[in-house]
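Source file structure-v1.txt; content: compact mmCIF, C-alpha atoms.
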# COMPACT_ATOMS: atom_id res chain seq x y z
CA MET A 10 -40.27 8.95 27.21
CA LYS A 11 -39.32 5.27 27.22
CA ARG A 12 -41.44 4.75 24.14
CA LEU A 13 -39.67 7.63 22.43
CA ILE A 14 -36.24 6.15 23.17
CA LEU A 15 -37.42 2.77 21.91
CA LEU A 16 -38.75 4.35 18.73
CA ILE A 17 -35.50 6.22 18.13
CA PHE A 18 -33.57 2.97 18.64
CA ILE A 19 -35.77 1.05 16.17
CA ILE A 20 -35.48 3.80 13.56
CA ALA A 21 -31.71 3.94 13.99
CA ILE A 22 -31.35 0.19 13.49
CA THR A 23 -33.68 0.21 10.49
CA LEU A 24 -31.88 3.09 8.82
CA GLY A 25 -28.53 1.51 9.52
CA CYS A 26 -29.57 -1.79 7.95
CA LYS A 27 -31.08 -0.05 4.92
CA THR A 28 -27.88 1.89 4.38
CA LEU A 29 -25.82 -1.28 4.52
CA GLU A 30 -28.22 -3.14 2.27
CA ARG A 31 -27.90 -0.40 -0.32
CA ALA A 32 -24.16 -0.91 -0.27
CA GLY A 33 -24.62 -4.66 -0.60
CA ILE A 34 -22.58 -5.28 2.48
CA SER A 35 -25.04 -6.22 5.18
CA GLU A 36 -24.05 -9.85 4.81
CA ASN A 37 -20.45 -9.01 5.61
CA LEU A 38 -21.41 -7.00 8.63
CA ILE A 39 -23.47 -9.89 9.91
CA ALA A 40 -20.56 -12.23 9.32
CA THR A 41 -18.28 -9.91 11.24
CA THR A 42 -20.73 -9.28 14.01
CA PHE A 43 -20.92 -12.93 14.72
CA GLY A 44 -17.23 -12.88 15.30
CA ALA A 45 -14.65 -15.57 15.14
CA ALA A 46 -16.79 -17.98 13.18
CA SER A 47 -16.49 -15.74 10.14
CA LYS A 48 -12.72 -16.22 10.14
CA ALA A 49 -13.20 -19.92 9.60
CA ILE A 50 -15.23 -19.37 6.47
CA ARG A 51 -13.42 -16.53 4.79
CA PRO A 52 -12.57 -17.40 1.21
CA ILE A 53 -9.06 -17.53 -0.18
CA SER A 54 -8.08 -13.96 -0.98
CA GLU A 55 -6.92 -12.68 -4.37
CA GLU A 56 -3.39 -12.36 -3.00
CA GLU A 57 -3.40 -15.93 -1.68
CA GLU A 58 -4.80 -17.18 -4.98
CA TYR A 59 -1.88 -15.45 -6.70
CA TYR A 60 0.72 -17.26 -4.54
CA ILE A 61 -1.07 -20.57 -5.04
CA GLY A 62 -1.14 -19.96 -8.81
CA ARG A 63 2.58 -19.18 -8.90
CA ALA A 64 3.38 -22.47 -7.20
CA VAL A 65 1.03 -24.37 -9.53
CA ALA A 66 2.80 -22.75 -12.50
CA ALA A 67 6.19 -23.74 -11.06
CA ARG A 68 5.00 -27.33 -10.68
CA LEU A 69 3.77 -27.46 -14.27
CA LEU A 70 7.06 -25.99 -15.44
CA SER A 71 8.87 -28.89 -13.81
CA SER A 72 7.19 -31.14 -16.39
CA TYR A 73 7.24 -28.79 -19.38
CA THR A 74 9.72 -26.24 -20.68
CA LEU A 75 8.68 -22.72 -21.55
CA SER A 76 8.80 -21.54 -25.15
CA LYS A 77 11.01 -18.47 -25.53
CA ASP A 78 9.45 -17.49 -28.85
CA ARG A 79 8.86 -13.80 -28.21
CA MET A 80 6.63 -13.25 -31.25
CA ILE A 81 4.15 -15.98 -30.33
CA THR A 82 4.24 -14.96 -26.65
CA ASP A 83 3.47 -11.35 -27.54
CA TYR A 84 0.68 -12.43 -29.84
CA ILE A 85 -1.10 -14.78 -27.43
CA ASN A 86 -0.85 -12.15 -24.68
CA LEU A 87 -2.53 -9.61 -26.96
CA VAL A 88 -5.29 -12.04 -27.95
CA GLY A 89 -5.73 -13.28 -24.38
CA ASN A 90 -5.95 -9.81 -22.88
CA SER A 91 -8.35 -8.66 -25.61
CA VAL A 92 -10.68 -11.37 -24.29
CA ALA A 93 -9.84 -11.04 -20.58
CA PHE A 94 -10.86 -7.39 -20.53
CA HIS A 95 -14.34 -8.53 -21.56
CA SER A 96 -14.52 -11.26 -18.92
CA ASP A 97 -16.32 -10.93 -15.61
CA LYS A 98 -13.02 -10.22 -13.90
CA PRO A 99 -10.94 -7.96 -16.15
CA TYR A 100 -8.37 -7.34 -13.43
CA ALA A 101 -6.71 -10.39 -11.89
CA TYR A 102 -4.35 -9.77 -8.92
CA ASN A 103 -1.26 -9.45 -11.14
CA GLY A 104 -3.04 -9.37 -14.48
CA TYR A 105 -3.46 -12.20 -16.97
CA HIS A 106 -0.34 -13.75 -18.43
CA PHE A 107 -0.25 -16.23 -21.29
CA ALA A 108 2.70 -18.47 -22.06
CA VAL A 109 3.51 -21.36 -24.40
CA LEU A 110 4.83 -24.73 -23.31
CA ASN A 111 7.07 -26.83 -25.53
CA ALA A 112 4.87 -29.90 -25.85
CA ASN A 113 3.12 -31.56 -28.76
CA GLU A 114 0.06 -32.65 -26.83
CA VAL A 115 -3.02 -30.48 -27.36
CA ASN A 116 -3.48 -28.93 -23.93
CA ALA A 117 -4.07 -25.77 -21.92
CA PHE A 118 -3.82 -25.03 -18.19
CA ALA A 119 -5.34 -22.18 -16.19
CA CYS A 120 -3.34 -21.58 -13.02
CA PRO A 121 -5.24 -19.75 -10.28
CA GLY A 122 -4.53 -16.05 -10.22
CA GLY A 123 -4.08 -15.43 -13.93
CA ILE A 124 -1.28 -17.47 -15.56
CA ILE A 125 -2.50 -19.48 -18.54
CA PHE A 126 -0.37 -22.01 -20.42
CA LEU A 127 -1.00 -23.28 -23.92
CA THR A 128 1.03 -26.11 -25.41
CA LYS A 129 2.57 -25.83 -28.85
CA GLY A 130 0.27 -28.70 -29.79
CA MET A 131 -2.70 -26.49 -28.97
CA ILE A 132 -1.24 -23.56 -30.92
CA ASN A 133 -0.89 -25.86 -33.92
CA ALA A 134 -4.41 -27.22 -33.48
CA VAL A 135 -6.17 -23.85 -33.72
CA ARG A 136 -6.71 -22.61 -37.24
CA ASN A 137 -7.10 -18.86 -36.77
CA GLU A 138 -7.14 -16.04 -34.21
CA ASP A 139 -10.81 -16.49 -33.36
CA GLU A 140 -10.25 -20.14 -32.48
CA LEU A 141 -7.21 -19.20 -30.40
CA ALA A 142 -9.35 -16.59 -28.62
CA ALA A 143 -12.00 -19.26 -27.99
CA VAL A 144 -9.50 -21.58 -26.30
CA LEU A 145 -8.10 -18.73 -24.20
CA ALA A 146 -11.62 -17.55 -23.29
CA HIS A 147 -12.38 -21.02 -21.91
CA GLU A 148 -9.27 -20.91 -19.71
CA ILE A 149 -9.98 -17.33 -18.59
CA ALA A 150 -13.44 -18.52 -17.54
CA HIS A 151 -11.86 -21.19 -15.29
CA ILE A 152 -9.89 -18.40 -13.57
CA ASN A 153 -12.95 -16.15 -13.32
CA HIS A 154 -14.90 -19.04 -11.77
CA ARG A 155 -12.00 -19.93 -9.45
CA ASP A 156 -12.29 -23.56 -10.53
CA GLY A 157 -8.68 -24.32 -9.60
CA ILE A 158 -9.14 -22.92 -6.10
CA SER A 159 -12.35 -24.91 -5.65
CA SER A 160 -10.43 -28.14 -6.18
CA ILE A 161 -8.52 -27.59 -2.91
CA GLN A 162 -9.83 -29.91 -0.21
CA LYS A 163 -11.97 -27.87 2.16
CA ALA A 164 -10.37 -29.39 5.25
CA ARG A 165 -6.98 -27.99 4.21
CA TRP A 166 -8.22 -24.44 4.03
CA THR A 167 -10.17 -24.72 7.28
CA GLU A 168 -7.01 -25.94 9.02
CA ALA A 169 -4.93 -23.20 7.39
CA LEU A 170 -7.38 -20.59 8.68
CA THR A 171 -7.02 -21.89 12.21
CA ILE A 172 -3.26 -21.33 12.01
CA ILE A 173 -3.64 -17.98 10.26
CA GLY A 174 -6.16 -16.82 12.86
CA SER A 175 -4.06 -17.90 15.83
CA ALA A 176 -0.80 -16.30 14.64
CA ALA A 177 -0.39 -12.93 16.29
CA ALA A 178 1.84 -11.36 13.65
CA ARG A 179 2.24 -11.48 9.90
CA GLU A 180 5.45 -13.43 10.29
CA TYR A 181 4.85 -16.99 11.41
CA GLY A 182 6.84 -18.89 14.00
CA SER A 183 8.67 -21.96 12.70
CA LYS A 184 6.04 -24.42 13.94
CA ASP A 185 3.09 -22.56 12.43
CA LEU A 186 5.04 -21.90 9.27
CA SER A 187 5.87 -25.56 8.83
CA LYS A 188 2.21 -26.54 9.23
CA LEU A 189 1.09 -23.81 6.86
CA VAL A 190 3.62 -24.81 4.21
CA ASN A 191 2.34 -28.41 4.47
CA LEU A 192 -1.18 -27.13 3.82
CA PHE A 193 0.03 -24.87 1.00
CA GLU A 194 1.81 -27.83 -0.56
CA GLY A 195 -1.30 -30.00 -0.20
CA SER A 196 -3.36 -27.29 -1.90
CA ILE A 197 -0.93 -27.13 -4.80
CA ASP A 198 -1.07 -30.93 -5.11
CA ASP A 199 -4.88 -30.82 -5.22
CA ILE A 200 -4.88 -28.29 -8.05
CA VAL A 201 -2.10 -29.91 -10.10
CA LYS A 202 -3.87 -33.26 -9.79
CA THR A 203 -7.07 -31.65 -11.07
CA LEU A 204 -5.33 -29.87 -13.94
CA VAL A 205 -3.19 -32.77 -15.09
CA VAL A 206 -4.92 -35.98 -14.05
CA ASN A 207 -8.58 -35.70 -13.03
CA GLY A 208 -9.81 -32.58 -14.77
CA TYR A 209 -12.53 -30.26 -13.55
CA GLY A 210 -16.09 -31.45 -13.06
CA GLN A 211 -18.30 -31.73 -16.11
CA SER A 212 -20.47 -28.81 -15.01
CA GLN A 213 -17.38 -26.63 -14.49
CA GLU A 214 -16.32 -27.36 -18.07
CA TYR A 215 -19.76 -26.62 -19.47
CA ASP A 216 -19.92 -23.39 -17.44
CA ALA A 217 -16.49 -22.39 -18.73
CA ASP A 218 -17.67 -23.01 -22.30
CA SER A 219 -20.80 -20.90 -21.74
CA ALA A 220 -18.81 -18.06 -20.20
CA ALA A 221 -16.25 -18.29 -23.02
CA LEU A 222 -19.01 -17.75 -25.58
CA GLU A 223 -20.12 -14.62 -23.73
CA TYR A 224 -16.60 -13.22 -23.51
CA LEU A 225 -16.07 -13.87 -27.23
CA VAL A 226 -19.26 -12.06 -28.18
CA ARG A 227 -18.41 -9.09 -25.95
CA ALA A 228 -14.89 -8.93 -27.39
CA GLY A 229 -16.11 -9.08 -30.98
CA TYR A 230 -14.68 -12.51 -31.77
CA ASN A 231 -16.78 -15.10 -33.55
CA PRO A 232 -18.32 -17.33 -30.83
CA GLY A 233 -18.81 -20.02 -33.47
CA ALA A 234 -15.02 -20.44 -33.42
CA LEU A 235 -15.33 -22.54 -30.26
CA LYS A 236 -17.75 -24.87 -32.04
CA ASP A 237 -15.58 -24.96 -35.19
CA PHE A 238 -12.54 -25.90 -33.13
CA MET A 239 -14.35 -28.68 -31.28
CA GLU A 240 -15.87 -30.08 -34.47
CA ARG A 241 -12.49 -30.23 -36.14
CA LEU A 242 -10.96 -32.02 -33.17
CA ILE A 243 -13.67 -34.66 -33.41
CA ILE A 244 -13.23 -35.07 -37.15
CA LYS A 245 -9.46 -35.29 -36.88
CA GLY A 246 -9.72 -37.70 -33.98
CA ILE A 247 -7.28 -35.62 -31.93
CA GLU A 248 -9.34 -36.60 -28.90
CA SER A 249 -7.67 -39.96 -28.79
CA GLU A 250 -4.25 -38.39 -28.27
CA GLY A 251 -4.69 -37.59 -24.56
CA GLY A 252 -3.62 -34.19 -23.25
CA LEU A 253 -6.63 -31.91 -22.93
CA PHE A 254 -9.01 -34.73 -23.72
CA LYS A 255 -7.79 -36.87 -20.88
CA THR A 256 -9.11 -34.28 -18.43
CA HIS A 257 -12.14 -32.83 -20.23
CA PRO A 258 -15.60 -34.24 -20.93
CA ALA A 259 -16.09 -35.75 -24.37
CA THR A 260 -15.82 -33.02 -26.98
CA ALA A 261 -19.07 -34.16 -28.62
CA ASP A 262 -20.91 -33.64 -25.32
CA ARG A 263 -19.40 -30.17 -24.90
CA LEU A 264 -20.37 -29.37 -28.45
CA ASN A 265 -23.98 -30.37 -27.79
CA GLU A 266 -24.03 -28.19 -24.70
CA ILE A 267 -22.86 -25.04 -26.47
CA ARG A 268 -24.59 -25.49 -29.83
CA ASP A 269 -27.82 -23.78 -28.73
CA LYS A 270 -26.03 -21.07 -26.78
CA ILE A 271 -24.08 -19.59 -29.64
CA SER A 272 -25.24 -16.14 -30.58
CA PHE A 273 -26.44 -15.84 -34.14
CA GLU A 274 -25.25 -12.28 -34.26
CA LYS A 275 -23.15 -12.22 -37.36
CA VAL A 276 -19.50 -11.40 -36.99
CA PRO A 277 -18.29 -9.92 -40.31
CA SER A 278 -16.35 -12.57 -42.18
CA SER A 279 -14.00 -9.83 -43.40
CA SER A 280 -13.00 -9.19 -39.76
CA VAL A 281 -12.44 -12.90 -39.17
CA GLN A 282 -10.29 -13.02 -42.31
CA LEU A 283 -8.35 -9.95 -41.22
CA ARG A 284 -7.53 -11.59 -37.91
CA ALA A 285 -6.78 -14.92 -39.59
CA LYS A 286 -4.16 -13.10 -41.65
CA ARG A 287 -2.37 -11.67 -38.64
CA PHE A 288 -2.62 -15.08 -36.96
CA SER A 289 -0.67 -16.59 -39.87
CA GLU A 290 1.87 -13.78 -39.73
CA ASN A 291 2.49 -14.19 -36.02
CA MET A 292 2.48 -17.98 -35.89
CA HIS A 293 5.03 -18.28 -38.68
CA MET B 8 -45.93 18.63 21.64
CA LYS B 9 -45.28 14.89 21.52
CA ILE B 10 -45.91 14.73 17.80
CA ARG B 11 -43.47 17.57 17.15
CA LEU B 12 -40.86 15.78 19.25
CA TYR B 13 -41.38 12.56 17.23
CA ILE B 14 -41.03 14.39 13.93
CA ILE B 15 -37.88 16.22 15.01
CA SER B 16 -36.37 12.97 16.29
CA MET B 17 -37.11 11.14 13.06
CA LEU B 18 -35.68 13.89 10.89
CA THR B 19 -32.55 14.08 13.04
CA LEU B 20 -32.06 10.32 12.86
CA THR B 21 -32.54 10.26 9.11
CA PHE B 22 -29.87 12.92 8.73
CA LEU B 23 -27.47 11.20 11.12
CA ALA B 24 -27.86 7.79 9.51
CA ALA B 25 -27.28 9.19 6.02
CA SER B 26 -24.18 11.12 7.02
CA ALA B 27 -22.77 8.24 9.07
CA TYR B 28 -22.22 6.12 5.98
CA ALA B 29 -19.21 6.61 3.82
CA GLU B 30 -18.02 3.62 1.82
CA THR B 31 -14.36 2.86 1.42
CA LEU B 32 -13.02 0.31 -1.02
CA LYS B 33 -9.95 -1.86 -0.64
CA VAL B 34 -7.69 -2.44 -3.65
CA ILE B 35 -7.35 -6.19 -4.22
CA THR B 36 -4.94 -6.25 -7.14
CA LYS B 37 -1.17 -5.90 -6.87
CA GLU B 38 -1.28 -2.64 -8.77
CA ASN B 39 -4.07 -0.68 -10.40
CA ALA B 40 -5.01 2.83 -11.44
CA ILE B 41 -7.49 5.57 -10.82
CA ARG B 42 -8.44 6.83 -14.24
CA GLU B 43 -9.76 10.10 -15.55
CA GLU B 44 -12.90 8.54 -16.97
CA CYS B 45 -14.87 5.42 -16.12
CA ARG B 46 -13.58 3.27 -18.99
CA PHE B 47 -10.61 1.02 -19.73
CA PHE B 48 -7.55 2.70 -21.22
CA SER B 49 -8.61 6.14 -19.97
CA PRO B 50 -5.54 8.15 -18.85
CA VAL B 51 -4.22 7.26 -15.40
CA ARG B 52 -4.52 9.92 -12.70
CA ILE B 53 -2.76 8.00 -9.93
CA LYS B 54 -1.63 4.44 -9.30
CA VAL B 55 -2.93 2.41 -6.38
CA TYR B 56 -1.57 -0.75 -4.80
CA TYR B 57 -2.84 -3.81 -2.93
CA ASN B 58 -4.61 -2.97 0.32
CA ASP B 59 -4.80 0.77 -0.42
CA THR B 60 -8.19 2.16 0.51
CA VAL B 61 -10.05 4.58 -1.69
CA GLU B 62 -13.23 6.45 -0.90
CA ALA B 63 -16.20 5.64 -3.11
CA VAL B 64 -18.17 8.67 -4.20
CA SER B 65 -20.65 6.94 -6.50
CA LYS B 66 -21.03 4.01 -8.86
CA GLU B 67 -21.28 4.17 -12.65
CA GLY B 68 -21.94 0.76 -14.22
CA ASP B 69 -18.97 -1.48 -13.47
CA TRP B 70 -16.91 1.48 -12.25
CA PHE B 71 -16.65 3.35 -9.01
CA LYS B 72 -16.08 7.08 -8.93
CA VAL B 73 -13.57 7.45 -6.14
CA LYS B 74 -11.35 9.84 -4.29
CA TYR B 75 -7.80 8.94 -3.28
CA LYS B 76 -5.26 11.31 -1.76
CA GLY B 77 -7.45 14.19 -2.87
CA ILE B 78 -7.52 12.98 -6.48
CA LYS B 79 -10.84 12.07 -8.05
CA GLY B 80 -11.25 9.45 -10.74
CA CYS B 81 -12.60 6.01 -11.59
CA ILE B 82 -11.60 2.47 -10.69
CA HIS B 83 -13.09 -0.77 -12.01
CA LYS B 84 -15.15 -2.88 -9.62
CA SER B 85 -12.97 -5.98 -10.17
CA ALA B 86 -9.96 -4.13 -8.75
CA VAL B 87 -11.58 -3.38 -5.42
CA GLU B 88 -13.53 -5.02 -2.66
CA GLU B 89 -16.61 -3.36 -1.21
CA LYS B 90 -16.06 -4.71 2.22
CA THR B 91 -14.55 -1.94 4.21
CA PHE B 92 -16.87 0.75 5.43
CA ARG B 93 -17.20 3.07 8.35
CA LEU B 94 -20.03 3.66 10.74
CA THR B 95 -19.56 6.64 12.93
CA GLY B 96 -21.71 8.78 15.12
CA LEU B 97 -24.71 6.69 15.98
CA LEU B 98 -22.81 3.50 16.52
CA GLY B 99 -19.93 4.90 18.48
CA SER B 100 -17.59 7.81 18.63
CA GLN B 101 -14.67 5.92 17.11
CA SER B 102 -14.65 4.73 13.51
CA LYS B 103 -15.26 1.03 13.18
CA THR B 104 -14.66 -1.05 10.15
CA ALA B 105 -16.89 -4.00 9.50
CA SER B 106 -14.05 -5.91 7.93
CA GLU B 107 -11.73 -5.69 10.90
CA ASP B 108 -11.05 -9.41 10.57
CA GLU B 109 -9.85 -8.96 7.03
CA VAL B 110 -7.73 -5.96 7.87
CA SER B 111 -6.06 -7.88 10.67
CA LEU B 112 -5.54 -10.83 8.35
CA ALA B 113 -4.17 -8.79 5.47
CA GLY B 114 -0.78 -10.10 4.46
CA LYS B 115 -1.30 -13.26 6.50
CA GLY B 116 -2.28 -16.60 5.06
CA PHE B 117 -0.48 -17.89 2.00
CA ASN B 118 2.02 -15.06 1.68
CA PRO B 119 5.63 -14.52 0.52
CA GLN B 120 6.96 -16.13 3.71
CA VAL B 121 5.00 -19.30 2.95
CA GLU B 122 6.12 -19.23 -0.69
CA ASN B 123 9.77 -18.83 0.35
CA SER B 124 9.56 -21.82 2.68
CA TYR B 125 7.90 -23.82 -0.08
CA LYS B 126 10.74 -22.83 -2.43
CA ASP B 127 13.29 -23.98 0.18
CA ARG B 128 11.60 -27.35 0.35
CA HIS B 129 11.52 -27.65 -3.43
CA PRO B 130 14.75 -26.30 -4.89
CA GLU B 131 13.95 -28.25 -8.06
CA LEU B 132 11.13 -25.81 -8.88
CA ASP B 133 12.30 -22.84 -10.91
CA PHE B 134 10.35 -19.82 -9.71
CA ARG B 135 12.55 -17.51 -11.79
CA VAL B 136 10.67 -18.69 -14.88
CA VAL B 137 7.37 -17.99 -13.11
CA ASP B 138 8.70 -14.53 -12.19
CA SER B 139 9.55 -13.86 -15.83
CA ILE B 140 6.00 -14.78 -16.88
CA GLY B 141 4.49 -12.52 -14.20
CA GLU B 142 6.76 -9.62 -15.08
CA TYR B 143 5.84 -9.77 -18.75
CA ARG B 144 3.82 -6.69 -19.71
CA ILE B 145 2.08 -5.46 -22.81
CA SER B 146 1.41 -1.75 -22.96
CA GLU B 147 -2.14 -0.42 -22.95
CA GLU B 148 -1.38 1.36 -26.19
CA SER B 149 -0.30 -1.80 -28.01
CA LEU B 150 -3.34 -3.68 -26.71
CA ARG B 151 -5.68 -0.90 -27.77
CA ASN B 152 -4.10 -0.81 -31.24
CA PHE B 153 -4.33 -4.60 -31.49
CA ILE B 154 -8.04 -4.49 -30.65
CA LYS B 155 -8.74 -1.71 -33.15
CA ASN B 156 -6.66 -3.22 -35.93
CA GLY B 157 -8.42 -6.56 -35.48
CA GLU B 158 -11.85 -4.89 -35.69
CA LEU B 159 -12.65 -6.07 -32.18
CA ASN B 160 -14.60 -4.27 -29.46
CA LEU B 161 -12.81 -2.02 -27.03
CA PRO B 162 -13.72 -3.00 -23.48

For this file, write the structure as structure tokens.
Amino acid sequence: MKRLILLIFIIAITLGCKTLERAGISENLIATTFGAASKAIRPISEEEEYYIGRAVAARLLSSYTLSKDRMITDYINLVGNSVAFHSDKPYAYNGYHFAVLNANEVNAFACPGGIIFLTKGMINAVRNEDELAAVLAHEIAHINHRDGISSIQKARWTEALTIIGSAAAREYGSKDLSKLVNLFEGSIDDIVKTLVVNGYGQSQEYDADSAALEYLVRAGYNPGALKDFMERLIIKGIESEGGLFKTHPATADRLNEIRDKISFEKVPSSSVQLRAKRFSENMH
Amino acid sequence: MKIRLYIISMLTLTFLAASAYAETLKVITKENAIREECRFFSPVRIKVYYNDTVEAVSKEGDWFKVKYKGIKGCIHKSAVEEKTFRLTGLLGSQSKTASEDEVSLAGKGFNPQVENSYKDRHPELDFRVVDSIGEYRISEESLRNFIKNGELNLP
């Protein structure tokens, strides 16, 4: 009888694990089973990423003003979302939003959560819709890869989780709140510093380029537009003007990295021309 | 006799384990939709909001077929998290969710209260502009037309 009970127990455990494996969630169960330690390692949630991204956007907007050109804003949101729906994360917490900053430098910023800024300098530097899509695809990839979030110092998030885990309610007491706001502020500083001063790591940039090529192919844009854009920047020597190039690896190196990855699947030139026409119409 | 008992026990356990599992999904976007068909731009059956839970019926590519408030439809995998699930019967009479930690932490962390305190510390930051960017919407119809008119691929 004891052997029977033991057998039933083993079968129950096995079946339970198999069921969880099928759902791809056994890892989470294990993490939960082992209790409090899992709290310390939980990643930043989509909602938290959204609040972080909003604050990063606010910080950037303290250095730049927002363009109120409705036509261009509409247009870049249509191009950006045409690409974003083909990315690995079509739905960001509050969707993807694209906006133009009044600045002549050639630059773009991906705030965590889904807000992407392009400078007027960047808008002027791209030659057609496919190139614009290529630039936006690169920024969407940074959001998909959570590159901004990964630039937050790990110790900050670990400390934040200790406070979050110890607070009994959703509303924090003044002491906990003050500490948490310090950590929130530190996290924003980390990301802004990465976006504006240091840039992402070289591998993050190369990965974003690779992902951008995939998104472009899926969306039906010409992936070669990314290469065309980079080549023109090198020829024109725009690299020396700072902005994007202050925080990105050398364009020539990026170009070498993507050259072999570009799909040779031909995008009809008539389609590229068609889109180039509406680009001209919208960019006045 | 013993063999029969073993076989009956195994069959019973198989049945119990299979019926004990029912996956629920948690919505992780501020707002999303359960659609008639498993594709983007398909008509919306019902809207769902952050932290709502929907019951997964099956998976079809990148989409889940789900049930929510008695309405069946599809939701994209990037709008939900596959972390909440129930184990009943064999593992206890009460439902238990494996992501209890997450449920208890929902709404905690970097939340509106933290953002408001941050705003108080930094009155120079203009969050109204950020709000206006976040509130900007393009309709699904205009996006679909834009994609078609540009000879691009519908997602």

Option closest in space to chain A, from B:Cys81, B:Val73, B:Val121, B:Ala63 [counting all atoms listed in the file]: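 Under the stated criterion, the closest residue is B:Val121.
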
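Relative to CA of Gly123 (chain A), CA of Leu141 (chain A) is found at 17.2 Å.
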
Go ahead and compute the interatomic distance for CA of Glu57 (chain A) and CA of Ile200 (chain A), in Å to one decimal.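 Going from CA of Glu57 (chain A) over to CA of Ile200 (chain A) covers 14.0 Å.
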
Please identify all polymer residues within 8 Å of Ile154 (chain B), counting only C-alpha atoms, omitting same-chain residues fewer than 6 positions from it, and present them as a CSV table (one decimal) with C-alpha atoms, in the coordinates of the input.
chain,number,residue,atom,x,y,z
A,91,SER,CA,-8.4,-8.7,-25.6
B,160,ASN,CA,-14.6,-4.3,-29.5
B,161,LEU,CA,-12.8,-2.0,-27.0

If I take CA of Asp156 (chain A) and CA of Pro121 (chain A), how far is one from the other in Å, to one decimal?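 According to the coordinates, CA of Asp156 (chain A) and CA of Pro121 (chain A) are separated by 8.0 Å.
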
Quick one: residues within 10 Å of Ala119 (chain A), all atoms listed in the file counted, chain neighbours fewer than 4 positions away excluded, as a list in words?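 Answer for this query is Gly62, Val65, Ala66, Phe107, Gly123, Ile124, Ile125, Phe126, Leu127, Leu145, His147, Glu148, Ile149, Ala150, His151, Ile152, Arg155, Asp156, Gly157 and Leu204 of chain A.
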
Write out as a PyMOL selection string the residues lying within 9 Å of region 30-39 of chain B, counting all atoms listed in the file and excluding same-chain residues fewer than 6 positions away. (chain A and resi 32+54-56+100-104) or (chain B and resi 53-64+73+82+85-93)

Residues within 7 Å of region 213-215 of chain A, please, as a ChimeraX atom specification. Count all atoms listed in the file; anything in the same chain fewer than 3 positions from it doesn't count. /A:209-210,218-219,263,266

Write the residues of the preceding selection, restricted to C-alpha atoms, as a compact mmCIF listing (two decimals), in the frame of the given file.
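Below is the file selection-v2.txt, written as the result:
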# COMPACT_ATOMS: atom_id res chain seq x y z
CA TYR A 209 -12.53 -30.26 -13.55
CA GLY A 210 -16.09 -31.45 -13.06
CA ASP A 218 -17.67 -23.01 -22.30
CA SER A 219 -20.80 -20.90 -21.74
CA ARG A 263 -19.40 -30.17 -24.90
CA GLU A 266 -24.03 -28.19 -24.70

Would you list the contacts of Glu122 (chain B) as a PyMOL selection string, taking every protein, DNA or RNA residue within 7 Å and counting all atoms listed in the file, but skipping same-chain residues closer than 4 positions in sequence? (chain A and resi 60) or (chain B and resi 118+126)

Just write the chosen residues, C-alpha atoms, as an mmCIF file, keeping the file's coordinate frame.
data_model
loop_
_atom_site.group_PDB
_atom_site.id
_atom_site.type_symbol
_atom_site.label_atom_id
_atom_site.label_comp_id
_atom_site.auth_asym_id
_atom_site.auth_seq_id
_atom_site.Cartn_x
_atom_site.Cartn_y
_atom_site.Cartn_z
ATOM 1 C CA TYR A 60 0.720 -17.260 -4.540
ATOM 2 C CA ASN B 118 2.020 -15.060 1.680
ATOM 3 C CA LYS B 126 10.740 -22.830 -2.430
#

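For the choices B:Tyr125, B:Pro162, B:Ile140, B:Ser149, the atom-to-atom distance to Leu110 (chain A) is smallest for B:Ile140 when using all atoms listed in the file.
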